[in-house]
$ cat final_18.cif   # mmCIF, N, CA and C atoms
data_start
#
loop_
_atom_site.label_atom_id
_atom_site.label_comp_id
_atom_site.auth_asym_id
_atom_site.auth_seq_id
_atom_site.Cartn_x
_atom_site.Cartn_y
_atom_site.Cartn_z
N MET A 1 -6.38 -29.90 130.70
CA MET A 1 -7.38 -28.86 130.64
C MET A 1 -8.07 -28.92 129.28
N THR A 2 -9.37 -28.89 129.27
CA THR A 2 -10.11 -28.92 128.01
C THR A 2 -10.51 -27.51 127.60
N THR A 3 -10.62 -27.33 126.29
CA THR A 3 -11.04 -26.05 125.76
C THR A 3 -12.56 -26.04 125.68
N PRO A 4 -13.20 -24.94 126.08
CA PRO A 4 -14.66 -24.90 125.99
C PRO A 4 -15.10 -25.04 124.53
N THR A 5 -16.16 -25.79 124.34
CA THR A 5 -16.69 -26.02 123.01
C THR A 5 -17.52 -24.81 122.58
N MET A 6 -17.30 -24.38 121.33
CA MET A 6 -18.06 -23.26 120.78
C MET A 6 -19.39 -23.79 120.27
N PRO A 7 -20.49 -23.13 120.57
CA PRO A 7 -21.78 -23.60 120.06
C PRO A 7 -21.93 -23.30 118.57
N LEU A 8 -22.73 -24.08 117.90
CA LEU A 8 -22.97 -23.89 116.48
C LEU A 8 -23.52 -22.49 116.19
N SER A 9 -24.24 -21.93 117.14
CA SER A 9 -24.81 -20.59 116.95
C SER A 9 -23.73 -19.52 116.77
N ALA A 10 -22.51 -19.80 117.23
CA ALA A 10 -21.41 -18.84 117.07
C ALA A 10 -21.03 -18.69 115.60
N LEU A 11 -21.44 -19.65 114.77
CA LEU A 11 -21.14 -19.60 113.34
C LEU A 11 -22.33 -19.04 112.55
N GLY A 12 -23.21 -18.32 113.24
CA GLY A 12 -24.45 -17.84 112.66
C GLY A 12 -24.30 -17.03 111.38
N ALA A 13 -23.38 -16.07 111.36
CA ALA A 13 -23.24 -15.19 110.18
C ALA A 13 -22.84 -15.98 108.93
N PRO A 14 -21.77 -16.79 108.98
CA PRO A 14 -21.42 -17.51 107.75
C PRO A 14 -22.45 -18.57 107.36
N LEU A 15 -23.09 -19.19 108.35
CA LEU A 15 -24.12 -20.18 108.02
C LEU A 15 -25.33 -19.52 107.37
N MET A 16 -25.69 -18.33 107.83
CA MET A 16 -26.81 -17.60 107.22
C MET A 16 -26.45 -17.18 105.80
N ALA A 17 -25.24 -16.71 105.60
CA ALA A 17 -24.80 -16.33 104.24
C ALA A 17 -24.86 -17.55 103.32
N LEU A 18 -24.40 -18.67 103.79
CA LEU A 18 -24.41 -19.89 102.99
C LEU A 18 -25.85 -20.31 102.66
N ARG A 19 -26.72 -20.16 103.62
CA ARG A 19 -28.13 -20.48 103.39
C ARG A 19 -28.73 -19.58 102.31
N ILE A 20 -28.41 -18.29 102.36
CA ILE A 20 -28.89 -17.33 101.35
C ILE A 20 -28.32 -17.70 99.98
N PHE A 21 -27.03 -18.02 99.95
CA PHE A 21 -26.40 -18.39 98.68
C PHE A 21 -27.05 -19.62 98.06
N ALA A 22 -27.38 -20.60 98.91
CA ALA A 22 -28.00 -21.83 98.41
C ALA A 22 -29.34 -21.54 97.76
N ASP A 23 -29.99 -20.45 98.18
CA ASP A 23 -31.27 -20.08 97.59
C ASP A 23 -31.09 -19.13 96.40
N GLU A 24 -30.41 -18.02 96.63
CA GLU A 24 -30.29 -16.98 95.60
C GLU A 24 -29.27 -17.27 94.50
N TYR A 25 -28.22 -17.97 94.84
CA TYR A 25 -27.12 -18.16 93.89
C TYR A 25 -26.87 -19.63 93.56
N ARG A 26 -27.87 -20.45 93.69
CA ARG A 26 -27.69 -21.89 93.46
C ARG A 26 -27.25 -22.22 92.04
N HIS A 27 -27.44 -21.30 91.11
CA HIS A 27 -27.05 -21.52 89.71
C HIS A 27 -25.56 -21.19 89.47
N LEU A 28 -24.90 -20.59 90.45
CA LEU A 28 -23.50 -20.23 90.28
C LEU A 28 -22.60 -21.44 90.51
N PRO A 29 -21.36 -21.38 90.01
CA PRO A 29 -20.42 -22.50 90.24
C PRO A 29 -20.20 -22.74 91.73
N ALA A 30 -20.16 -24.00 92.11
CA ALA A 30 -19.95 -24.36 93.52
C ALA A 30 -18.50 -24.16 93.91
N PRO A 31 -18.25 -23.38 94.96
CA PRO A 31 -16.89 -23.19 95.46
C PRO A 31 -16.56 -24.20 96.55
N TRP A 32 -15.31 -24.22 96.95
CA TRP A 32 -14.88 -24.92 98.15
C TRP A 32 -15.31 -24.00 99.29
N VAL A 33 -16.08 -24.49 100.25
CA VAL A 33 -16.63 -23.66 101.33
C VAL A 33 -15.89 -23.95 102.63
N THR A 34 -15.47 -22.87 103.32
CA THR A 34 -14.81 -23.02 104.60
C THR A 34 -15.50 -22.15 105.65
N ILE A 35 -15.91 -22.80 106.73
CA ILE A 35 -16.42 -22.13 107.92
C ILE A 35 -15.66 -22.75 109.08
N SER A 36 -15.10 -21.91 109.95
CA SER A 36 -14.23 -22.44 110.99
C SER A 36 -14.46 -21.75 112.33
N THR A 37 -14.26 -22.49 113.40
CA THR A 37 -14.34 -21.89 114.72
C THR A 37 -13.13 -21.00 115.01
N VAL A 38 -12.11 -21.08 114.19
CA VAL A 38 -10.94 -20.20 114.36
C VAL A 38 -11.33 -18.76 114.05
N SER A 39 -12.13 -18.56 112.99
CA SER A 39 -12.67 -17.25 112.62
C SER A 39 -14.18 -17.42 112.45
N PRO A 40 -14.93 -17.45 113.54
CA PRO A 40 -16.34 -17.85 113.47
C PRO A 40 -17.25 -16.96 112.64
N ASP A 41 -16.86 -15.72 112.38
CA ASP A 41 -17.71 -14.84 111.57
C ASP A 41 -17.41 -14.95 110.07
N LEU A 42 -16.32 -15.59 109.70
CA LEU A 42 -15.84 -15.60 108.32
C LEU A 42 -16.40 -16.77 107.52
N LEU A 43 -16.88 -16.46 106.31
CA LEU A 43 -17.23 -17.47 105.32
C LEU A 43 -16.22 -17.31 104.19
N GLU A 44 -15.55 -18.39 103.84
CA GLU A 44 -14.56 -18.34 102.77
C GLU A 44 -15.02 -19.23 101.62
N LEU A 45 -15.04 -18.67 100.43
CA LEU A 45 -15.36 -19.39 99.20
C LEU A 45 -14.10 -19.44 98.36
N SER A 46 -13.59 -20.64 98.10
CA SER A 46 -12.33 -20.80 97.37
C SER A 46 -12.59 -21.45 96.02
N PHE A 47 -11.78 -21.06 95.04
CA PHE A 47 -11.85 -21.60 93.69
C PHE A 47 -10.45 -22.04 93.29
N TYR A 48 -10.34 -23.25 92.79
CA TYR A 48 -9.05 -23.81 92.38
C TYR A 48 -9.07 -24.05 90.88
N ASP A 49 -8.19 -23.35 90.16
CA ASP A 49 -8.14 -23.39 88.70
C ASP A 49 -9.50 -23.12 88.09
N ASP A 50 -10.22 -22.16 88.68
CA ASP A 50 -11.54 -21.76 88.19
C ASP A 50 -11.69 -20.25 88.33
N ALA A 51 -10.89 -19.53 87.56
CA ALA A 51 -10.95 -18.07 87.61
C ALA A 51 -12.32 -17.56 87.15
N ASP A 52 -12.93 -18.26 86.20
CA ASP A 52 -14.26 -17.86 85.74
C ASP A 52 -15.27 -17.94 86.87
N GLY A 53 -15.22 -19.01 87.66
CA GLY A 53 -16.13 -19.15 88.80
C GLY A 53 -15.94 -18.02 89.80
N PHE A 54 -14.68 -17.70 90.07
CA PHE A 54 -14.36 -16.59 90.98
C PHE A 54 -14.95 -15.29 90.46
N GLU A 55 -14.76 -15.01 89.17
CA GLU A 55 -15.26 -13.77 88.56
C GLU A 55 -16.78 -13.71 88.60
N ILE A 56 -17.44 -14.84 88.36
CA ILE A 56 -18.90 -14.89 88.38
C ILE A 56 -19.42 -14.55 89.78
N TRP A 57 -18.78 -15.10 90.82
CA TRP A 57 -19.19 -14.80 92.19
C TRP A 57 -18.92 -13.33 92.53
N CYS A 58 -17.78 -12.82 92.10
CA CYS A 58 -17.48 -11.40 92.35
C CYS A 58 -18.55 -10.51 91.73
N GLU A 59 -18.92 -10.83 90.51
CA GLU A 59 -19.95 -10.05 89.82
C GLU A 59 -21.29 -10.16 90.54
N ALA A 60 -21.68 -11.37 90.92
CA ALA A 60 -22.96 -11.58 91.62
C ALA A 60 -23.01 -10.82 92.94
N LEU A 61 -21.88 -10.73 93.62
CA LEU A 61 -21.81 -10.04 94.92
C LEU A 61 -21.44 -8.57 94.79
N ARG A 62 -21.35 -8.11 93.54
CA ARG A 62 -21.04 -6.70 93.23
C ARG A 62 -19.71 -6.25 93.82
N ILE A 63 -18.73 -7.13 93.72
CA ILE A 63 -17.37 -6.77 94.15
C ILE A 63 -16.68 -6.14 92.95
N ARG A 64 -16.25 -4.92 93.11
CA ARG A 64 -15.60 -4.19 92.02
C ARG A 64 -14.25 -4.81 91.67
N PRO A 65 -13.91 -4.84 90.38
CA PRO A 65 -12.62 -5.42 89.98
C PRO A 65 -11.42 -4.80 90.71
N GLU A 66 -11.47 -3.52 91.00
CA GLU A 66 -10.35 -2.87 91.68
C GLU A 66 -10.25 -3.28 93.15
N ALA A 67 -11.29 -3.93 93.68
CA ALA A 67 -11.25 -4.42 95.06
C ALA A 67 -10.60 -5.80 95.16
N VAL A 68 -10.32 -6.42 94.03
CA VAL A 68 -9.70 -7.75 94.02
C VAL A 68 -8.19 -7.58 94.11
N GLN A 69 -7.58 -8.24 95.09
CA GLN A 69 -6.12 -8.20 95.24
C GLN A 69 -5.51 -9.35 94.45
N HIS A 70 -4.40 -9.06 93.80
CA HIS A 70 -3.71 -10.06 92.99
C HIS A 70 -2.31 -10.28 93.57
N SER A 71 -1.90 -11.54 93.60
CA SER A 71 -0.54 -11.87 94.03
C SER A 71 -0.12 -13.18 93.37
N VAL A 72 1.14 -13.52 93.60
CA VAL A 72 1.70 -14.75 93.05
C VAL A 72 2.43 -15.46 94.18
N GLN A 73 2.32 -16.78 94.21
CA GLN A 73 3.03 -17.57 95.22
C GLN A 73 3.61 -18.82 94.58
N ARG A 74 4.28 -19.65 95.40
CA ARG A 74 4.91 -20.89 94.95
C ARG A 74 5.93 -20.63 93.83
N ASP A 75 6.86 -19.74 94.09
CA ASP A 75 7.92 -19.43 93.13
C ASP A 75 7.37 -19.01 91.78
N GLY A 76 6.29 -18.25 91.80
CA GLY A 76 5.73 -17.73 90.56
C GLY A 76 4.87 -18.72 89.80
N ARG A 77 4.46 -19.80 90.43
CA ARG A 77 3.70 -20.83 89.72
C ARG A 77 2.20 -20.80 90.02
N THR A 78 1.78 -19.99 91.00
CA THR A 78 0.36 -19.92 91.35
C THR A 78 -0.08 -18.47 91.45
N ARG A 79 -1.10 -18.13 90.68
CA ARG A 79 -1.70 -16.79 90.74
C ARG A 79 -2.81 -16.85 91.78
N VAL A 80 -2.89 -15.82 92.61
CA VAL A 80 -3.90 -15.75 93.66
C VAL A 80 -4.69 -14.45 93.49
N MET A 81 -6.01 -14.59 93.49
CA MET A 81 -6.90 -13.43 93.49
C MET A 81 -7.77 -13.56 94.73
N GLN A 82 -7.96 -12.45 95.44
CA GLN A 82 -8.83 -12.51 96.60
C GLN A 82 -9.54 -11.19 96.83
N ALA A 83 -10.72 -11.30 97.40
CA ALA A 83 -11.53 -10.13 97.73
C ALA A 83 -12.27 -10.42 99.02
N VAL A 84 -12.46 -9.39 99.81
CA VAL A 84 -13.19 -9.52 101.06
C VAL A 84 -14.31 -8.48 101.05
N THR A 85 -15.49 -8.92 101.44
CA THR A 85 -16.64 -8.03 101.54
C THR A 85 -17.46 -8.46 102.75
N ASN A 86 -18.45 -7.68 103.10
CA ASN A 86 -19.35 -8.07 104.19
C ASN A 86 -20.64 -8.59 103.59
N TYR A 87 -21.15 -9.65 104.17
CA TYR A 87 -22.39 -10.24 103.69
C TYR A 87 -23.10 -10.91 104.86
N SER A 88 -24.35 -10.61 105.05
CA SER A 88 -25.18 -11.25 106.07
C SER A 88 -24.58 -11.15 107.48
N GLY A 89 -23.99 -10.00 107.79
CA GLY A 89 -23.50 -9.78 109.15
C GLY A 89 -22.09 -10.25 109.43
N GLY A 90 -21.36 -10.67 108.41
CA GLY A 90 -19.99 -11.12 108.65
C GLY A 90 -19.14 -10.97 107.40
N PRO A 91 -17.84 -11.12 107.57
CA PRO A 91 -16.95 -11.02 106.41
C PRO A 91 -17.06 -12.25 105.50
N LEU A 92 -16.96 -11.99 104.23
CA LEU A 92 -16.97 -13.03 103.20
C LEU A 92 -15.69 -12.87 102.39
N LYS A 93 -14.92 -13.93 102.30
CA LYS A 93 -13.67 -13.90 101.57
C LYS A 93 -13.78 -14.83 100.37
N LEU A 94 -13.55 -14.27 99.19
CA LEU A 94 -13.46 -15.07 97.97
C LEU A 94 -12.00 -15.16 97.61
N ILE A 95 -11.54 -16.35 97.29
CA ILE A 95 -10.14 -16.54 96.94
C ILE A 95 -10.03 -17.53 95.79
N CYS A 96 -9.13 -17.26 94.88
CA CYS A 96 -8.95 -18.11 93.71
C CYS A 96 -7.46 -18.40 93.51
N PHE A 97 -7.15 -19.67 93.28
CA PHE A 97 -5.79 -20.10 93.00
C PHE A 97 -5.78 -20.69 91.60
N THR A 98 -4.94 -20.17 90.72
CA THR A 98 -4.80 -20.73 89.38
C THR A 98 -3.33 -20.98 89.08
N THR A 99 -3.08 -22.02 88.31
CA THR A 99 -1.72 -22.38 87.93
C THR A 99 -1.24 -21.46 86.82
N ILE A 100 -0.04 -20.97 86.97
CA ILE A 100 0.59 -20.17 85.91
C ILE A 100 1.41 -21.12 85.07
N PRO A 101 1.09 -21.25 83.79
CA PRO A 101 1.86 -22.19 82.95
C PRO A 101 3.33 -21.78 82.89
N ALA A 102 4.19 -22.79 82.81
CA ALA A 102 5.62 -22.52 82.65
C ALA A 102 5.83 -21.87 81.29
N PRO A 103 6.80 -20.97 81.19
CA PRO A 103 7.09 -20.36 79.89
C PRO A 103 7.42 -21.45 78.87
N GLU A 104 7.06 -21.21 77.63
CA GLU A 104 7.26 -22.19 76.55
C GLU A 104 8.70 -22.67 76.48
N GLU A 105 9.66 -21.75 76.62
CA GLU A 105 11.07 -22.11 76.54
C GLU A 105 11.45 -23.10 77.64
N THR A 106 10.96 -22.86 78.86
CA THR A 106 11.27 -23.74 79.98
C THR A 106 10.68 -25.13 79.75
N ARG A 107 9.42 -25.18 79.25
CA ARG A 107 8.79 -26.47 78.99
C ARG A 107 9.54 -27.23 77.91
N SER A 108 9.95 -26.55 76.87
CA SER A 108 10.67 -27.19 75.78
C SER A 108 11.97 -27.79 76.26
N ARG A 109 12.71 -27.04 77.07
CA ARG A 109 13.97 -27.52 77.60
C ARG A 109 13.76 -28.74 78.50
N ALA A 110 12.71 -28.72 79.33
CA ALA A 110 12.41 -29.83 80.22
C ALA A 110 12.06 -31.08 79.41
N GLU A 111 11.36 -30.91 78.32
CA GLU A 111 10.99 -32.05 77.48
C GLU A 111 12.23 -32.67 76.83
N VAL A 112 13.17 -31.82 76.42
CA VAL A 112 14.41 -32.30 75.78
C VAL A 112 15.26 -33.05 76.81
N ASP A 113 15.31 -32.54 78.05
CA ASP A 113 16.13 -33.16 79.09
C ASP A 113 15.57 -34.50 79.57
N SER A 114 14.30 -34.76 79.37
CA SER A 114 13.74 -36.02 79.90
C SER A 114 13.83 -37.16 78.96
#

$ encode --input "final_18.cif" --output "structure tokens"
Amino acid sequence: MTTPTMPLSALGAPLMALRIFADEYRHLPAPWVTISTVSPDLLELSFYDDADGFEIWCEALRIRPEAVQHSVQRDGRTRVMQAVTNYSGGPLKLICFTTIPAPEETRSRAEVDS
């Protein structure tokens, strides 16, 4: 049994947002862009080790700092910031992953052991 193919028009909201961004925000740092048929209304902009880029986009989109969720993953080695807002008829998710440096004591011990 085959799954029915989703038409490109089903991705209209995130594609329109991306088109607007390419015009209005072309001077901002380029994020990793995700548009998927799994969540056809969602546009996701991801930043990897670029917290400044994430903050610049949040400011441009008028996302309040208190609307940004903070968490940690990978045994405390990755900081995650994310915010969701509506833009151009669909949800827009900004997400940022940054590496948390190992504590100085841990790094020193690892250097001695190697």

$ residues_around --input "final_18.cif" --residues "Pro14 in chain A" --least-positions-apart "2" --cutoff "7 Å" --atoms "only N, CA and C atoms" --output "list in words"
Ala10, Leu11, Gly12, Met16, Ala17, Leu18, Arg19, Ile35, Pro40, Asp41, Leu42, Leu43, Ser88, Gly89 and Gly90 of chain A

$ atom_distance --input "final_18.cif" --atom1 "CA of Ala83 in chain A" --atom2 "CA of Ala22 in chain A"
20.2 Å

$ closest_residue --input "final_18.cif" --among "A:Thr37, A:His70, A:Thr78, A:Ala30" --to "Ile56 in chain A" --atoms "only C-alpha atoms"
A:Ala30

$ closest_atom_pairs --input "final_18.cif" --of "range 2-46 of chain A" --to "range 92-100 of chain A" --cutoff "5 Å" --atoms "all atoms listed in the file" --output "Markdown table"
| residue | atom | partner | partner_atom | distance |
| --- | --- | --- | --- | --- |
| A:Leu43 | C | A:Lys93 | N | 4.1 |
| A:Glu44 | CA | A:Lys93 | C | 4.3 |
| A:Leu45 | N | A:Lys93 | C | 4.0 |
| A:Ser46 | CA | A:Ile95 | C | 4.3 |

$ write_last_selection --input "final_18.cif" --atoms "N, CA and C atoms" --output "PDB file, in the coordinates of the input"
ATOM      1  N   LEU A  43     -16.880 -16.460 106.310  1.00  0.00           N
ATOM      2  CA  LEU A  43     -17.230 -17.470 105.320  1.00  0.00           C
ATOM      3  C   LEU A  43     -16.220 -17.310 104.190  1.00  0.00           C
ATOM      4  N   GLU A  44     -15.550 -18.390 103.840  1.00  0.00           N
ATOM      5  CA  GLU A  44     -14.560 -18.340 102.770  1.00  0.00           C
ATOM      6  C   GLU A  44     -15.020 -19.230 101.620  1.00  0.00           C
ATOM      7  N   LEU A  45     -15.040 -18.670 100.430  1.00  0.00           N
ATOM      8  CA  LEU A  45     -15.360 -19.390  99.200  1.00  0.00           C
ATOM      9  C   LEU A  45     -14.100 -19.440  98.360  1.00  0.00           C
ATOM     10  N   SER A  46     -13.590 -20.640  98.100  1.00  0.00           N
ATOM     11  CA  SER A  46     -12.330 -20.800  97.370  1.00  0.00           C
ATOM     12  C   SER A  46     -12.590 -21.450  96.020  1.00  0.00           C
TER      13      SER A  46
END

$ select_by_dssp --input "final_18.cif" --residues "range 5-104 of chain A" --states "alpha helix (DSSP H)" --output "ChimeraX atom specification"
/A:12-24,51-60,104

$ atom_distance --input "final_18.cif" --atom1 "atom C of Val68 in chain A" --atom2 "atom N of Tyr48 in chain A"
15.9 Å

$ closest_residue --input "final_18.cif" --among "A:Ile20, A:Ala102, A:Ala51, A:Val38" --to "Asp75 in chain A" --atoms "only C-alpha atoms"
A:Ala102

$ atom_distance --input "final_18.cif" --atom1 "CA of Gln73 in chain A" --atom2 "CA of Tyr87 in chain A"
27.8 Å

$ closest_residue --input "final_18.cif" --among "A:Tyr25, A:Glu55, A:Pro4, A:Val84" --to "Gln69 in chain A" --atoms "only C-alpha atoms"
A:Val84

$ closest_residue --input "final_18.cif" --among "A:Arg77, A:Ser9, A:Phe47, A:Val72" --to "Val33 in chain A" --atoms "only N, CA and C atoms"
A:Phe47

$ axis_aligned_box --input "final_18.cif" --around "range 29-47 of chain A" --padding-each-side "8 Å" --output "JSON"
{"center_x": -15.9, "center_y": -19.9, "center_z": 102.5, "size_x": 26.9, "size_y": 26.1, "size_z": 41.0}

$ closest_residue --input "final_18.cif" --among "A:Met6, A:Cys58, A:Ala67, A:Met81" --to "Ser39 in chain A" --atoms "only C-alpha atoms"
A:Met6

$ closest_residue --input "final_18.cif" --among "A:Pro29, A:Val80, A:Ser36, A:Gly53" --to "Leu8 in chain A" --atoms "only C-alpha atoms"
A:Ser36

$ select_by_dssp --input "final_18.cif" --residues "chain A" --states "strand (DSSP E or B)" --output "VMD selection string"
chain A and resid 32 to 35 43 to 48 69 to 73 78 to 87 90 to 99
